[in-house]
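Containing CSV, C-alpha atoms: input_38.csv.
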chain,number,residue,atom,x,y,z
G,1,MET,CA,-28.1,-18.7,-3.4
G,2,SER,CA,-25.4,-21.3,-4.2
G,3,ASN,CA,-23.0,-22.7,-1.6
G,4,LEU,CA,-19.2,-22.9,-1.3
G,5,PHE,CA,-17.8,-25.9,0.6
G,6,GLU,CA,-15.2,-25.6,3.3
G,7,LEU,CA,-12.7,-28.4,4.0
G,8,ALA,CA,-11.1,-28.2,7.5
G,9,LEU,CA,-8.0,-30.2,8.1
G,10,VAL,CA,-6.3,-30.6,11.5
G,11,CYS,CA,-2.5,-30.8,11.3
G,12,ARG,CA,0.7,-30.2,13.2
G,13,GLU,CA,2.6,-26.9,13.0
G,14,ALA,CA,5.3,-28.6,10.9
G,15,ASP,CA,2.8,-29.6,8.2
G,16,VAL,CA,0.9,-26.3,7.9
G,17,GLU,CA,2.8,-24.8,5.0
G,18,THR,CA,2.8,-28.2,3.1
G,19,VAL,CA,-0.9,-28.6,3.6
G,20,SER,CA,-1.6,-25.0,2.6
G,21,ASP,CA,0.5,-25.2,-0.5
G,22,ALA,CA,-1.0,-28.5,-1.5
G,23,LEU,CA,-4.6,-27.1,-1.2
G,24,MET,CA,-3.7,-24.1,-3.4
G,25,GLU,CA,-2.1,-26.5,-5.9
G,26,ILE,CA,-5.4,-28.4,-6.2
G,27,ASP,CA,-7.3,-25.1,-6.8
G,28,ALA,CA,-8.7,-24.2,-3.5
G,29,LEU,CA,-10.4,-20.8,-3.8
G,30,ALA,CA,-8.9,-19.6,-0.5
G,31,VAL,CA,-6.9,-21.1,2.4
G,32,SER,CA,-6.6,-19.9,6.0
G,33,VAL,CA,-5.0,-21.2,9.2
G,34,GLU,CA,-6.5,-21.1,12.7
G,35,ASP,CA,-5.5,-22.3,16.1
G,36,ALA,CA,-7.1,-25.6,16.8
G,37,ASP,CA,-7.1,-24.8,20.5
G,38,ALA,CA,-8.6,-21.3,20.1
G,39,ASP,CA,-10.8,-20.2,23.0
G,40,THR,CA,-9.3,-22.9,25.3
G,41,ASP,CA,-6.5,-22.7,28.0
G,42,ALA,CA,-4.1,-24.1,25.3
G,43,GLU,CA,-4.7,-21.1,23.0
G,44,GLN,CA,-1.4,-19.6,21.8
G,45,ALA,CA,-0.6,-16.2,20.4
G,46,LEU,CA,1.7,-15.9,17.4
G,47,PHE,CA,3.8,-12.7,17.1
G,48,GLY,CA,7.1,-11.4,16.0
G,49,GLU,CA,9.0,-8.6,17.7
G,50,PRO,CA,12.6,-7.4,17.6
G,51,GLY,CA,14.9,-9.9,19.4
G,52,MET,CA,12.3,-12.6,19.1
G,53,PRO,CA,11.8,-15.5,16.6
G,54,ALA,CA,9.8,-14.7,13.5
G,55,PRO,CA,6.1,-15.6,13.6
G,56,LYS,CA,5.5,-19.3,12.9
G,57,ALA,CA,3.4,-20.5,9.9
G,58,GLY,CA,0.9,-22.0,12.3
G,59,TRP,CA,0.1,-23.3,15.8
G,60,GLU,CA,1.2,-26.5,17.5
G,61,ARG,CA,-2.2,-27.8,16.5
G,62,SER,CA,-3.6,-26.0,13.5
G,63,VAL,CA,-6.8,-26.1,11.5
G,64,VAL,CA,-6.2,-25.4,7.8
G,65,LYS,CA,-9.4,-24.4,6.1
G,66,ALA,CA,-9.9,-24.3,2.3
G,67,LEU,CA,-12.9,-23.2,0.2
G,68,PHE,CA,-14.0,-25.1,-2.9
G,69,PRO,CA,-16.8,-24.5,-5.4
G,70,SER,CA,-18.6,-27.8,-4.7
G,71,GLU,CA,-18.7,-30.7,-2.2
G,72,PRO,CA,-17.2,-33.3,-4.6
G,73,GLU,CA,-14.2,-31.0,-5.1
G,74,ALA,CA,-13.8,-30.5,-1.4
G,75,THR,CA,-14.0,-34.3,-0.8
G,76,GLU,CA,-11.6,-35.0,-3.7
G,77,ALA,CA,-9.1,-32.5,-2.2
G,78,ALA,CA,-9.3,-34.2,1.2
G,79,THR,CA,-8.7,-37.6,-0.4
G,80,LEU,CA,-5.7,-36.3,-2.3
G,81,ILE,CA,-4.2,-34.7,0.8
G,82,LEU,CA,-4.7,-37.8,3.0
G,83,ALA,CA,-3.1,-40.0,0.3
G,84,GLN,CA,0.3,-38.2,0.6
G,85,ASP,CA,3.2,-39.8,2.4
G,86,TRP,CA,3.7,-36.7,4.6
G,87,ALA,CA,0.0,-36.6,5.7
G,88,ALA,CA,0.1,-39.3,8.4
G,89,ASP,CA,-0.8,-36.7,11.0
G,90,VAL,CA,-3.3,-34.8,9.0
G,91,HIS,CA,-7.0,-35.4,9.8
G,92,VAL,CA,-10.3,-34.2,8.3
G,93,GLN,CA,-12.2,-32.1,10.8
G,94,ALA,CA,-15.2,-31.3,8.6
G,95,ILE,CA,-16.5,-30.7,5.1
G,96,GLN,CA,-19.4,-28.3,5.2
G,97,ALA,CA,-21.4,-25.9,3.1
G,98,VAL,CA,-20.7,-22.2,3.4
G,99,PRO,CA,-23.5,-20.0,1.9
G,100,GLU,CA,-22.2,-17.5,-0.7
G,101,GLN,CA,-22.7,-14.0,0.6
G,102,ASP,CA,-22.0,-10.4,-0.3
G,103,TRP,CA,-18.8,-10.4,1.7
G,104,VAL,CA,-18.2,-6.7,1.4
G,105,ARG,CA,-21.7,-5.9,2.8
G,106,LEU,CA,-21.3,-8.5,5.5
G,107,THR,CA,-17.9,-7.1,6.6
G,108,GLN,CA,-19.3,-3.6,6.6
G,109,SER,CA,-22.2,-4.6,8.7
G,110,GLN,CA,-19.9,-6.0,11.4
G,111,PHE,CA,-18.0,-2.7,11.8
G,112,ALA,CA,-20.3,0.0,13.3
G,113,PRO,CA,-19.0,3.3,14.8
G,114,VAL,CA,-17.1,2.8,18.0
G,115,GLU,CA,-17.4,5.1,20.9
G,116,ILE,CA,-14.1,5.8,22.7
G,117,THR,CA,-15.5,8.7,24.8
G,118,PRO,CA,-18.8,10.5,24.2
G,119,GLU,CA,-16.9,13.1,22.1
G,120,PHE,CA,-14.4,10.8,20.3
G,121,TRP,CA,-15.5,8.1,17.9
G,122,ILE,CA,-14.0,5.7,15.3
G,123,VAL,CA,-16.2,5.7,12.3
G,124,PRO,CA,-15.9,3.4,9.2
G,125,SER,CA,-16.1,5.3,5.9
G,126,TRP,CA,-19.5,3.9,5.0
G,127,HIS,CA,-21.1,5.3,8.2
G,128,GLN,CA,-22.1,8.8,9.2
G,129,ALA,CA,-20.5,10.1,12.3
G,130,PRO,CA,-22.8,10.4,15.4
G,131,PRO,CA,-24.0,13.9,16.0
G,132,GLN,CA,-22.3,14.1,19.4
G,133,ALA,CA,-18.9,13.2,18.0
G,134,GLN,CA,-16.5,16.2,18.2
G,135,ARG,CA,-13.5,14.2,17.1
G,136,VAL,CA,-13.8,11.5,14.5
G,137,MET,CA,-11.2,9.0,13.2
G,138,ARG,CA,-12.1,7.4,9.9
G,139,LEU,CA,-10.8,3.8,9.9
G,140,ASP,CA,-11.9,0.8,7.8
G,141,PRO,CA,-10.9,-2.8,8.6
G,142,GLY,CA,-7.8,-3.9,6.7
G,143,LEU,CA,-4.8,-6.2,6.8
G,144,ALA,CA,-3.2,-4.7,9.9
G,145,PHE,CA,-4.6,-5.1,13.4
G,146,GLY,CA,-6.4,-2.2,14.9
G,147,THR,CA,-9.9,-1.1,14.2
G,148,GLY,CA,-11.0,0.1,17.6
G,149,THR,CA,-13.1,-2.9,18.4
G,150,HIS,CA,-10.7,-4.6,20.7
G,151,PRO,CA,-10.6,-3.6,24.4
G,152,THR,CA,-6.9,-3.0,24.4
G,153,THR,CA,-7.2,-0.5,21.6
G,154,ARG,CA,-10.2,1.3,23.2
G,155,MET,CA,-8.4,1.6,26.5
G,156,CYS,CA,-5.3,3.2,24.9
G,157,LEU,CA,-7.4,5.6,23.0
G,158,ARG,CA,-9.5,6.5,26.1
G,159,TRP,CA,-6.2,7.3,27.9
G,160,ILE,CA,-5.1,9.5,25.0
G,161,ALA,CA,-8.4,11.3,24.9
G,162,ARG,CA,-8.6,11.9,28.6
G,163,HIS,CA,-5.0,13.1,28.8
G,164,ALA,CA,-5.0,15.0,25.6
G,165,GLN,CA,-2.2,17.6,25.2
G,166,ARG,CA,0.2,18.9,22.6
G,167,TRP,CA,2.8,16.2,23.1
G,168,PRO,CA,5.9,17.4,21.1
G,169,ARG,CA,6.9,13.8,20.3
G,170,VAL,CA,5.1,10.5,20.4
G,171,LEU,CA,6.2,6.9,19.8
G,172,ASP,CA,3.7,4.2,18.8
G,173,TYR,CA,5.6,1.0,19.1
G,174,GLY,CA,3.9,-1.9,17.2
G,175,CYS,CA,1.6,0.5,15.4
G,176,GLY,CA,-0.5,-2.0,13.4
G,177,SER,CA,-3.1,0.1,11.5
G,178,GLY,CA,-1.7,3.3,13.1
G,179,ILE,CA,-4.8,3.8,15.1
G,180,LEU,CA,-3.1,4.9,18.3
G,181,ALA,CA,-0.7,7.3,16.5
G,182,ILE,CA,-3.6,8.8,14.6
G,183,GLY,CA,-5.5,9.1,17.9
G,184,ALA,CA,-2.7,11.0,19.4
G,185,ALA,CA,-2.4,13.3,16.4
G,186,LEU,CA,-6.1,14.1,16.5
G,187,HIS,CA,-5.6,15.1,20.2
G,188,GLY,CA,-2.8,17.6,19.5
G,189,ALA,CA,0.3,15.5,19.3
G,190,HIS,CA,3.2,16.4,16.9
G,191,ASP,CA,6.3,14.6,15.6
G,192,ILE,CA,4.8,11.1,15.8
G,193,ASP,CA,6.9,7.9,15.0
G,194,ALA,CA,4.7,4.9,14.3
G,195,VAL,CA,6.9,1.7,14.0
G,196,ASP,CA,6.2,-1.9,13.3
G,197,ILE,CA,8.0,-5.0,12.1
G,198,ASP,CA,5.3,-5.7,9.5
G,199,PRO,CA,5.6,-3.8,6.1
G,200,ALA,CA,1.8,-4.1,5.7
G,201,ALA,CA,1.3,-2.2,9.0
G,202,ILE,CA,3.6,0.6,7.8
G,203,THR,CA,1.7,1.0,4.6
G,204,SER,CA,-1.6,0.8,6.5
G,205,SER,CA,-0.5,3.4,9.0
G,206,ARG,CA,0.6,5.8,6.2
G,207,ASP,CA,-2.7,5.3,4.3
G,208,ASN,CA,-4.9,5.7,7.4
G,209,ALA,CA,-3.0,8.9,8.5
G,210,THR,CA,-3.6,10.4,5.0
G,211,ALA,CA,-7.3,9.5,5.2
G,212,ASN,CA,-7.5,11.3,8.5
G,213,GLY,CA,-5.5,14.4,7.5
G,214,VAL,CA,-2.7,13.9,10.0
G,215,THR,CA,1.0,13.4,9.7
G,216,LEU,CA,2.9,10.4,11.0
G,217,ARG,CA,6.3,9.0,10.3
G,218,PRO,CA,5.7,5.2,9.8
G,219,GLY,CA,8.6,2.8,9.6
G,220,LEU,CA,10.5,-0.1,11.0
G,221,PRO,CA,11.5,-0.1,14.7
G,222,GLU,CA,14.9,1.4,13.9
G,223,LEU,CA,13.1,4.6,13.2
G,224,ALA,CA,12.5,5.2,16.9
G,225,ARG,CA,15.3,7.5,18.2
G,226,GLY,CA,15.8,9.3,21.5
G,227,GLU,CA,13.2,10.2,24.1
G,228,TYR,CA,9.5,10.8,23.8
G,229,PRO,CA,7.1,12.4,26.2
G,230,LEU,CA,4.6,9.7,25.3
G,231,VAL,CA,5.4,6.1,24.4
G,232,ILE,CA,2.6,3.6,23.6
G,233,ALA,CA,2.9,-0.1,22.9
G,234,ASN,CA,-0.2,-2.3,22.4
G,235,ILE,CA,1.3,-5.7,21.7
G,236,LEU,CA,1.3,-8.7,24.0
G,237,ALA,CA,2.6,-9.4,27.4
G,238,THR,CA,5.6,-11.6,26.4
G,239,PRO,CA,7.1,-9.2,23.9
G,240,LEU,CA,6.3,-6.3,26.2
G,241,LYS,CA,8.5,-7.9,28.9
G,242,LEU,CA,11.4,-8.4,26.5
G,243,LEU,CA,11.0,-4.9,25.3
G,244,ALA,CA,11.1,-3.3,28.8
G,245,PRO,CA,14.6,-1.8,28.6
G,246,LEU,CA,14.1,-0.5,25.1
G,247,LEU,CA,10.7,1.1,25.7
G,248,CYS,CA,11.7,2.6,29.1
G,249,ALA,CA,14.8,4.1,27.5
G,250,HIS,CA,12.5,6.0,25.0
G,251,VAL,CA,10.4,7.6,27.8
G,252,ALA,CA,11.5,11.2,28.4
G,253,PRO,CA,11.8,12.7,31.9
G,254,GLY,CA,8.3,13.5,33.0
G,255,GLY,CA,6.9,11.4,30.1
G,256,ASN,CA,4.3,8.6,30.1
G,257,LEU,CA,4.6,5.0,29.1
G,258,ILE,CA,1.3,3.3,28.1
G,259,LEU,CA,1.2,-0.5,27.7
G,260,ALA,CA,-1.6,-2.8,26.5
G,261,GLY,CA,-2.2,-6.3,25.2
G,262,ILE,CA,-2.0,-7.5,28.8
G,263,LEU,CA,-4.4,-9.9,30.5
G,264,SER,CA,-5.4,-9.1,34.1
G,265,ARG,CA,-3.5,-12.1,35.5
G,266,GLN,CA,-0.3,-10.9,33.8
G,267,ALA,CA,-0.1,-7.6,35.8
G,268,ASP,CA,2.5,-8.8,38.3
G,269,GLU,CA,4.7,-10.2,35.6
G,270,LEU,CA,4.8,-6.8,33.8
G,271,LYS,CA,5.3,-4.9,37.0
G,272,ALA,CA,8.3,-7.1,37.8
G,273,ALA,CA,9.8,-6.8,34.3
G,274,TYR,CA,9.6,-2.9,34.3
G,275,GLU,CA,10.5,-2.4,38.0
G,276,PRO,CA,14.2,-1.7,37.3
G,277,TRP,CA,13.2,1.3,35.2
G,278,LEU,CA,9.6,2.4,35.9
G,279,LYS,CA,6.8,1.7,38.3
G,280,LEU,CA,3.8,0.3,36.3
G,281,ASP,CA,0.2,0.6,37.6
G,282,VAL,CA,-3.1,-0.7,36.3
G,283,SER,CA,-5.1,2.3,35.1
G,284,ASP,CA,-7.9,0.7,33.2
G,285,GLU,CA,-9.5,-2.7,32.7
G,286,GLU,CA,-12.0,-4.1,30.2
G,287,GLU,CA,-13.2,-7.6,29.4
G,288,GLY,CA,-10.2,-9.2,31.2
G,289,TRP,CA,-7.6,-6.9,29.6
G,290,ILE,CA,-5.7,-4.2,31.4
G,291,LEU,CA,-4.0,-0.9,30.6
G,292,MET,CA,-0.8,-0.3,32.5
G,293,THR,CA,0.9,3.1,32.7
G,294,ALA,CA,3.9,4.6,34.2
G,295,GLU,CA,5.4,8.1,34.5
G,296,ARG,CA,9.1,8.7,34.4
G,297,PRO,CA,10.2,11.2,37.2
G,298,ALA,CA,11.1,14.6,35.8
Go ahead and render the structure in this file as C-alpha coordinates.
Amino acid sequence: MSNLFELALVCREADVETVSDALMEIDALAVSVEDADADTDAEQALFGEPGMPAPKAGWERSVVKALFPSEPEATEAATLILAQDWAADVHVQAIQAVPEQDWVRLTQSQFAPVEITPEFWIVPSWHQAPPQAQRVMRLDPGLAFGTGTHPTTRMCLRWIARHAQRWPRVLDYGCGSGILAIGAALHGAHDIDAVDIDPAAITSSRDNATANGVTLRPGLPELARGEYPLVIANILATPLKLLAPLLCAHVAPGGNLILAGILSRQADELKAAYEPWLKLDVSDEEEGWILMTAERPA
(Lines of atoms letter the chains of each structure in order from A and count residues from 1; the text may use other names and numbers.)
(Lines give C-alpha, C1' and ligand atoms only; values in the text may rest on other atoms or scores of the structure.)
Protein backbone atom coordinates (compact mmCIF):
# COMPACT_ATOMS: atom_id res chain seq x y z
CA MET A 1 0.00 0.00 0.00
CA SER A 2 1.51 3.39 -1.00
CA ASN A 3 2.19 6.14 1.51
CA LEU A 4 1.24 9.75 1.88
CA PHE A 5 3.71 12.08 3.62
CA GLU A 6 2.82 14.47 6.41
CA LEU A 7 4.66 17.75 6.90
CA ALA A 8 4.26 19.19 10.42
CA LEU A 9 5.17 22.84 10.99
CA VAL A 10 5.23 24.60 14.37
CA CYS A 11 4.21 28.25 14.25
CA ARG A 12 2.69 31.11 16.20
CA GLU A 13 -1.04 31.73 16.27
CA ALA A 14 -0.50 34.86 14.15
CA ASP A 15 1.03 32.77 11.35
CA VAL A 16 -1.49 29.91 11.26
CA GLU A 17 -3.69 31.26 8.48
CA THR A 18 -0.72 32.37 6.36
CA VAL A 19 1.00 28.98 6.71
CA SER A 20 -2.24 27.09 6.01
CA ASP A 21 -3.04 29.18 2.94
CA ALA A 22 0.52 28.78 1.62
CA LEU A 23 0.39 25.00 2.02
CA MET A 24 -2.88 24.82 0.09
CA GLU A 25 -1.39 27.05 -2.63
CA ILE A 26 1.46 24.56 -3.10
CA ASP A 27 -1.02 21.72 -3.54
CA ALA A 28 -1.22 20.08 -0.13
CA LEU A 29 -3.88 17.36 -0.20
CA ALA A 30 -5.19 18.42 3.21
CA VAL A 31 -4.24 20.87 5.96
CA SER A 32 -5.14 20.70 9.65
CA VAL A 33 -4.21 22.68 12.77
CA GLU A 34 -3.54 21.28 16.24
CA ASP A 35 -2.52 22.65 19.61
CA ALA A 36 1.26 22.22 19.96
CA ASP A 37 0.71 21.99 23.73
CA ALA A 38 -2.07 19.39 23.60
CA ASP A 39 -2.10 16.96 26.54
CA THR A 40 0.04 19.29 28.66
CA ASP A 41 -0.79 21.86 31.35
CA ALA A 42 -0.48 24.55 28.67
CA GLU A 43 -3.28 23.06 26.53
CA GLN A 44 -5.88 25.66 25.51
CA ALA A 45 -9.49 25.29 24.42
CA LEU A 46 -10.78 27.33 21.49
CA PHE A 47 -14.46 28.21 21.51
CA GLY A 48 -16.90 30.89 20.54
CA GLU A 49 -19.98 31.86 22.51
CA PRO A 50 -22.34 34.85 22.58
CA GLY A 51 -20.59 37.78 24.23
CA MET A 52 -17.15 36.23 23.73
CA PRO A 53 -14.50 36.71 21.02
CA ALA A 54 -14.86 34.54 17.93
CA PRO A 55 -12.77 31.36 17.86
CA LYS A 56 -9.16 31.97 16.83
CA ALA A 57 -7.54 30.43 13.77
CA GLY A 58 -5.10 28.53 15.96
CA TRP A 59 -3.38 28.22 19.30
CA GLU A 60 -0.60 30.34 20.76
CA ARG A 61 1.72 27.53 19.65
CA SER A 62 0.17 25.63 16.77
CA VAL A 63 1.15 22.64 14.68
CA VAL A 64 0.00 22.95 11.07
CA LYS A 65 -0.04 19.54 9.37
CA ALA A 66 -0.23 19.02 5.61
CA LEU A 67 -0.45 15.84 3.53
CA PHE A 68 1.49 15.39 0.27
CA PRO A 69 1.61 12.51 -2.24
CA SER A 70 5.37 11.99 -1.88
CA GLU A 71 8.30 12.79 0.42
CA PRO A 72 10.06 15.05 -2.14
CA GLU A 73 6.88 17.13 -2.44
CA ALA A 74 6.60 17.44 1.36
CA THR A 75 10.28 18.42 1.59
CA GLU A 76 9.92 20.96 -1.22
CA ALA A 77 6.88 22.46 0.52
CA ALA A 78 8.85 22.85 3.75
CA THR A 79 11.71 24.51 1.85
CA LEU A 80 9.35 26.92 0.12
CA ILE A 81 7.59 27.88 3.37
CA LEU A 82 10.81 28.43 5.34
CA ALA A 83 12.18 30.65 2.54
CA GLN A 84 9.39 33.21 3.00
CA ASP A 85 10.11 36.51 4.78
CA TRP A 86 7.19 35.97 7.17
CA ALA A 87 8.33 32.48 8.20
CA ALA A 88 11.09 33.44 10.66
CA ASP A 89 9.13 31.82 13.52
CA VAL A 90 8.02 28.74 11.56
CA HIS A 91 9.89 25.49 12.22
CA VAL A 92 9.69 21.96 10.80
CA GLN A 93 8.58 19.47 13.44
CA ALA A 94 8.57 16.38 11.22
CA ILE A 95 8.17 14.92 7.75
CA GLN A 96 6.89 11.38 8.01
CA ALA A 97 5.12 8.69 6.05
CA VAL A 98 1.40 8.15 6.63
CA PRO A 99 0.13 4.82 5.24
CA GLU A 100 -2.84 5.14 2.91
CA GLN A 101 -5.90 3.54 4.44
CA ASP A 102 -9.56 3.01 3.85
CA TRP A 103 -10.42 6.11 5.88
CA VAL A 104 -14.16 5.41 5.86
CA ARG A 105 -13.67 1.89 7.23
CA LEU A 106 -11.07 3.13 9.75
CA THR A 107 -13.41 5.85 10.99
CA GLN A 108 -16.30 3.42 11.29
CA SER A 109 -14.17 0.96 13.26
CA GLN A 110 -13.46 3.68 15.84
CA PHE A 111 -17.15 4.29 16.58
CA ALA A 112 -18.83 1.31 18.21
CA PRO A 113 -22.24 1.42 19.94
CA VAL A 114 -22.10 3.47 23.15
CA GLU A 115 -23.99 2.39 26.27
CA ILE A 116 -25.58 5.27 28.14
CA THR A 117 -27.68 3.05 30.41
CA PRO A 118 -28.34 -0.68 29.97
CA GLU A 119 -31.54 0.23 28.08
CA PHE A 120 -30.35 3.34 26.17
CA TRP A 121 -27.64 3.16 23.50
CA ILE A 122 -26.13 5.38 20.79
CA VAL A 123 -25.57 3.27 17.69
CA PRO A 124 -23.85 4.33 14.43
CA SER A 125 -25.82 3.50 11.31
CA TRP A 126 -23.42 0.72 10.27
CA HIS A 127 -23.95 -1.24 13.52
CA GLN A 128 -26.82 -3.37 14.78
CA ALA A 129 -28.38 -2.22 18.04
CA PRO A 130 -27.59 -4.47 21.02
CA PRO A 131 -30.51 -6.78 21.89
CA GLN A 132 -30.95 -5.21 25.34
CA ALA A 133 -31.36 -1.70 23.91
CA GLN A 134 -34.90 -0.40 24.45
CA ARG A 135 -34.10 3.11 23.21
CA VAL A 136 -31.63 3.65 20.38
CA MET A 137 -30.22 6.90 19.02
CA ARG A 138 -28.73 6.59 15.55
CA LEU A 139 -25.79 8.96 15.26
CA ASP A 140 -22.79 8.97 12.94
CA PRO A 141 -19.65 11.07 13.46
CA GLY A 142 -19.75 14.35 11.56
CA LEU A 143 -18.56 17.94 11.57
CA ALA A 144 -20.31 19.00 14.79
CA PHE A 145 -19.18 17.84 18.21
CA GLY A 146 -21.15 15.14 19.96
CA THR A 147 -21.15 11.43 19.20
CA GLY A 148 -21.67 10.09 22.72
CA THR A 149 -18.07 9.03 23.21
CA HIS A 150 -17.04 11.94 25.46
CA PRO A 151 -17.70 11.70 29.23
CA THR A 152 -19.53 15.04 29.32
CA THR A 153 -22.02 13.87 26.69
CA ARG A 154 -22.54 10.50 28.37
CA MET A 155 -23.18 12.12 31.76
CA CYS A 156 -25.79 14.49 30.30
CA LEU A 157 -27.56 11.65 28.53
CA ARG A 158 -27.47 9.47 31.65
CA TRP A 159 -29.12 12.27 33.62
CA ILE A 160 -31.81 12.61 30.93
CA ALA A 161 -32.42 8.84 30.87
CA ARG A 162 -32.64 8.56 34.67
CA HIS A 163 -34.97 11.56 35.04
CA ALA A 164 -37.04 10.91 31.91
CA GLN A 165 -40.38 12.66 31.82
CA ARG A 166 -42.59 14.46 29.34
CA TRP A 167 -40.85 17.84 29.68
CA PRO A 168 -43.15 20.34 27.91
CA ARG A 169 -40.18 22.50 26.81
CA VAL A 170 -36.42 21.86 26.63
CA LEU A 171 -33.48 24.11 25.76
CA ASP A 172 -30.21 22.56 24.56
CA TYR A 173 -27.78 25.50 24.57
CA GLY A 174 -24.70 24.79 22.43
CA CYS A 175 -26.30 21.78 20.78
CA GLY A 176 -23.43 20.61 18.55
CA SER A 177 -24.75 17.50 16.81
CA GLY A 178 -28.10 17.81 18.62
CA ILE A 179 -27.35 14.68 20.62
CA LEU A 180 -28.70 15.95 23.96
CA ALA A 181 -31.83 17.45 22.41
CA ILE A 182 -32.48 14.19 20.57
CA GLY A 183 -31.87 12.25 23.80
CA ALA A 184 -34.49 14.37 25.56
CA ALA A 185 -36.95 13.85 22.69
CA LEU A 186 -36.45 10.07 22.80
CA HIS A 187 -37.29 10.21 26.53
CA GLY A 188 -40.58 12.03 26.11
CA ALA A 189 -39.69 15.72 25.83
CA HIS A 190 -41.62 18.11 23.57
CA ASP A 191 -41.09 21.60 22.14
CA ILE A 192 -37.28 21.40 22.05
CA ASP A 193 -35.08 24.36 21.09
CA ALA A 194 -31.53 23.33 20.10
CA VAL A 195 -29.32 26.40 19.64
CA ASP A 196 -25.71 26.93 18.62
CA ILE A 197 -23.53 29.69 17.17
CA ASP A 198 -22.18 27.34 14.48
CA PRO A 199 -24.34 26.96 11.33
CA ALA A 200 -22.83 23.47 10.79
CA ALA A 201 -24.17 22.44 14.20
CA ILE A 202 -27.65 23.68 13.32
CA THR A 203 -27.63 21.68 10.08
CA SER A 204 -26.22 18.62 11.85
CA SER A 205 -28.87 18.81 14.58
CA ARG A 206 -31.66 19.05 12.03
CA ASP A 207 -30.33 16.09 10.01
CA ASN A 208 -29.74 13.93 13.10
CA ALA A 209 -33.21 14.70 14.43
CA THR A 210 -34.74 13.60 11.11
CA ALA A 211 -32.67 10.41 11.15
CA ASN A 212 -34.06 9.61 14.61
CA GLY A 213 -37.67 10.49 13.83
CA VAL A 214 -37.89 13.31 16.39
CA THR A 215 -38.75 16.98 16.09
CA LEU A 216 -36.40 19.78 17.18
CA ARG A 217 -36.24 23.49 16.49
CA PRO A 218 -32.53 24.10 15.68
CA GLY A 219 -31.28 27.67 15.36
CA LEU A 220 -29.02 30.44 16.58
CA PRO A 221 -29.02 31.38 20.30
CA GLU A 222 -31.60 34.10 19.65
CA LEU A 223 -34.14 31.30 19.13
CA ALA A 224 -34.20 30.59 22.89
CA ARG A 225 -37.16 32.44 24.41
CA GLY A 226 -38.79 32.38 27.81
CA GLU A 227 -38.52 29.67 30.45
CA TYR A 228 -37.96 25.93 30.10
CA PRO A 229 -38.49 23.11 32.60
CA LEU A 230 -35.16 21.65 31.39
CA VAL A 231 -32.09 23.64 30.28
CA ILE A 232 -28.94 21.76 29.22
CA ALA A 233 -25.58 23.26 28.30
CA ASN A 234 -22.56 21.08 27.55
CA ILE A 235 -19.93 23.64 26.58
CA LEU A 236 -16.82 24.59 28.62
CA ALA A 237 -16.34 26.14 32.05
CA THR A 238 -15.35 29.65 30.89
CA PRO A 239 -18.34 30.28 28.61
CA LEU A 240 -20.62 28.60 31.15
CA LYS A 241 -19.55 31.15 33.77
CA LEU A 242 -20.23 34.04 31.38
CA LEU A 243 -23.57 32.57 30.40
CA ALA A 244 -24.75 32.12 34.01
CA PRO A 245 -27.34 34.94 34.09
CA LEU A 246 -28.70 34.03 30.65
CA LEU A 247 -29.02 30.29 31.32
CA CYS A 248 -30.52 30.78 34.78
CA ALA A 249 -33.09 33.18 33.37
CA HIS A 250 -34.27 30.42 31.03
CA VAL A 251 -34.94 27.89 33.85
CA ALA A 252 -38.64 27.73 34.75
CA PRO A 253 -39.79 27.54 38.41
CA GLY A 254 -39.35 23.93 39.49
CA GLY A 255 -37.15 23.33 36.45
CA ASN A 256 -33.67 21.83 36.16
CA LEU A 257 -30.39 23.22 34.86
CA ILE A 258 -27.80 20.69 33.62
CA LEU A 259 -24.23 21.87 32.97
CA ALA A 260 -21.29 19.90 31.56
CA GLY A 261 -17.92 20.50 29.96
CA ILE A 262 -16.51 21.17 33.44
CA LEU A 263 -13.36 19.66 34.96
CA SER A 264 -13.49 18.46 38.57
CA ARG A 265 -11.14 21.25 39.70
CA GLN A 266 -13.50 23.88 38.26
CA ALA A 267 -16.50 22.98 40.45
CA ASP A 268 -16.05 25.81 42.95
CA GLU A 269 -15.68 28.41 40.17
CA LEU A 270 -18.98 27.34 38.65
CA LYS A 271 -20.77 27.25 42.00
CA ALA A 272 -19.63 30.81 42.70
CA ALA A 273 -20.64 32.03 39.23
CA TYR A 274 -24.19 30.63 39.55
CA GLU A 275 -24.73 31.33 43.26
CA PRO A 276 -26.63 34.62 42.71
CA TRP A 277 -29.33 32.64 40.87
CA LEU A 278 -29.13 28.89 41.52
CA LYS A 279 -27.33 26.44 43.79
CA LEU A 280 -25.21 24.08 41.71
CA ASP A 281 -24.19 20.63 42.91
CA VAL A 282 -21.98 17.94 41.39
CA SER A 283 -24.27 15.06 40.44
CA ASP A 284 -21.96 12.86 38.35
CA GLU A 285 -18.25 12.46 37.59
CA GLU A 286 -16.34 10.56 34.93
CA GLU A 287 -12.68 10.64 33.85
CA GLY A 288 -12.01 13.96 35.57
CA TRP A 289 -15.15 15.66 34.16
CA ILE A 290 -18.20 16.52 36.25
CA LEU A 291 -21.90 17.09 35.70
CA MET A 292 -23.38 19.97 37.68
CA THR A 293 -27.10 20.37 38.23
CA ALA A 294 -29.46 22.78 39.92
CA GLU A 295 -33.21 23.02 40.49
CA ARG A 296 -35.00 26.34 40.55
CA PRO A 297 -37.43 26.57 43.49
CA ALA A 298 -41.04 26.27 42.38
Point to revise | Spatial neighbours of Asp207 in chain G, max dist 12 Å, only C-alpha atoms, sep filter under 2 positions, as a count of residues only | key: 27
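The spacing separating CA of Asp172 in chain G from CA of Ala129 in chain G amounts to 25.7 Å.
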Review point. Can you list, as a VMD selection string, every protein, DNA or RNA residue that comes within 7 Å of Gln96 in chain G when you count only C-alpha atoms, leaving out same-chain residues fewer than 3 positions away?
Key: chain G and resid 5 to 7
Exercise for review: List the neighbours of Gln132 in chain G out to 10 Å using all atoms listed in the file; skip same-chain residues closer than 6 positions along the sequence, and give me the result as a VMD selection string.
Suggested key: chain G and resid 118 to 121
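Here CA of His163 in chain G is placed at a distance of 22.4 Å from CA of Gly226 in chain G.
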Practice item. Give as a ChimeraX atom specification each residue that has an atom at most 12 Å from (-16.4, -30.6, -3.4) in the file, counting all atoms listed in the file. Key: /G:3-7,26-29,66-79,95-98
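For the residues G:Arg12, G:Arg265, G:Arg206, G:Arg225, ranking by smallest atom-to-atom distance to Ala87 in chain G using all atoms listed in the file places G:Arg12 first.
Here CA of Ile81 in chain G stands at a distance of 12.1 Å from CA of Val16 in chain G.
The smallest atom-to-atom distance between Pro239 in chain G and any of G:Asp281, G:His91, G:Ile262, G:Trp289, using only C-alpha atoms, is found for G:Ile262.
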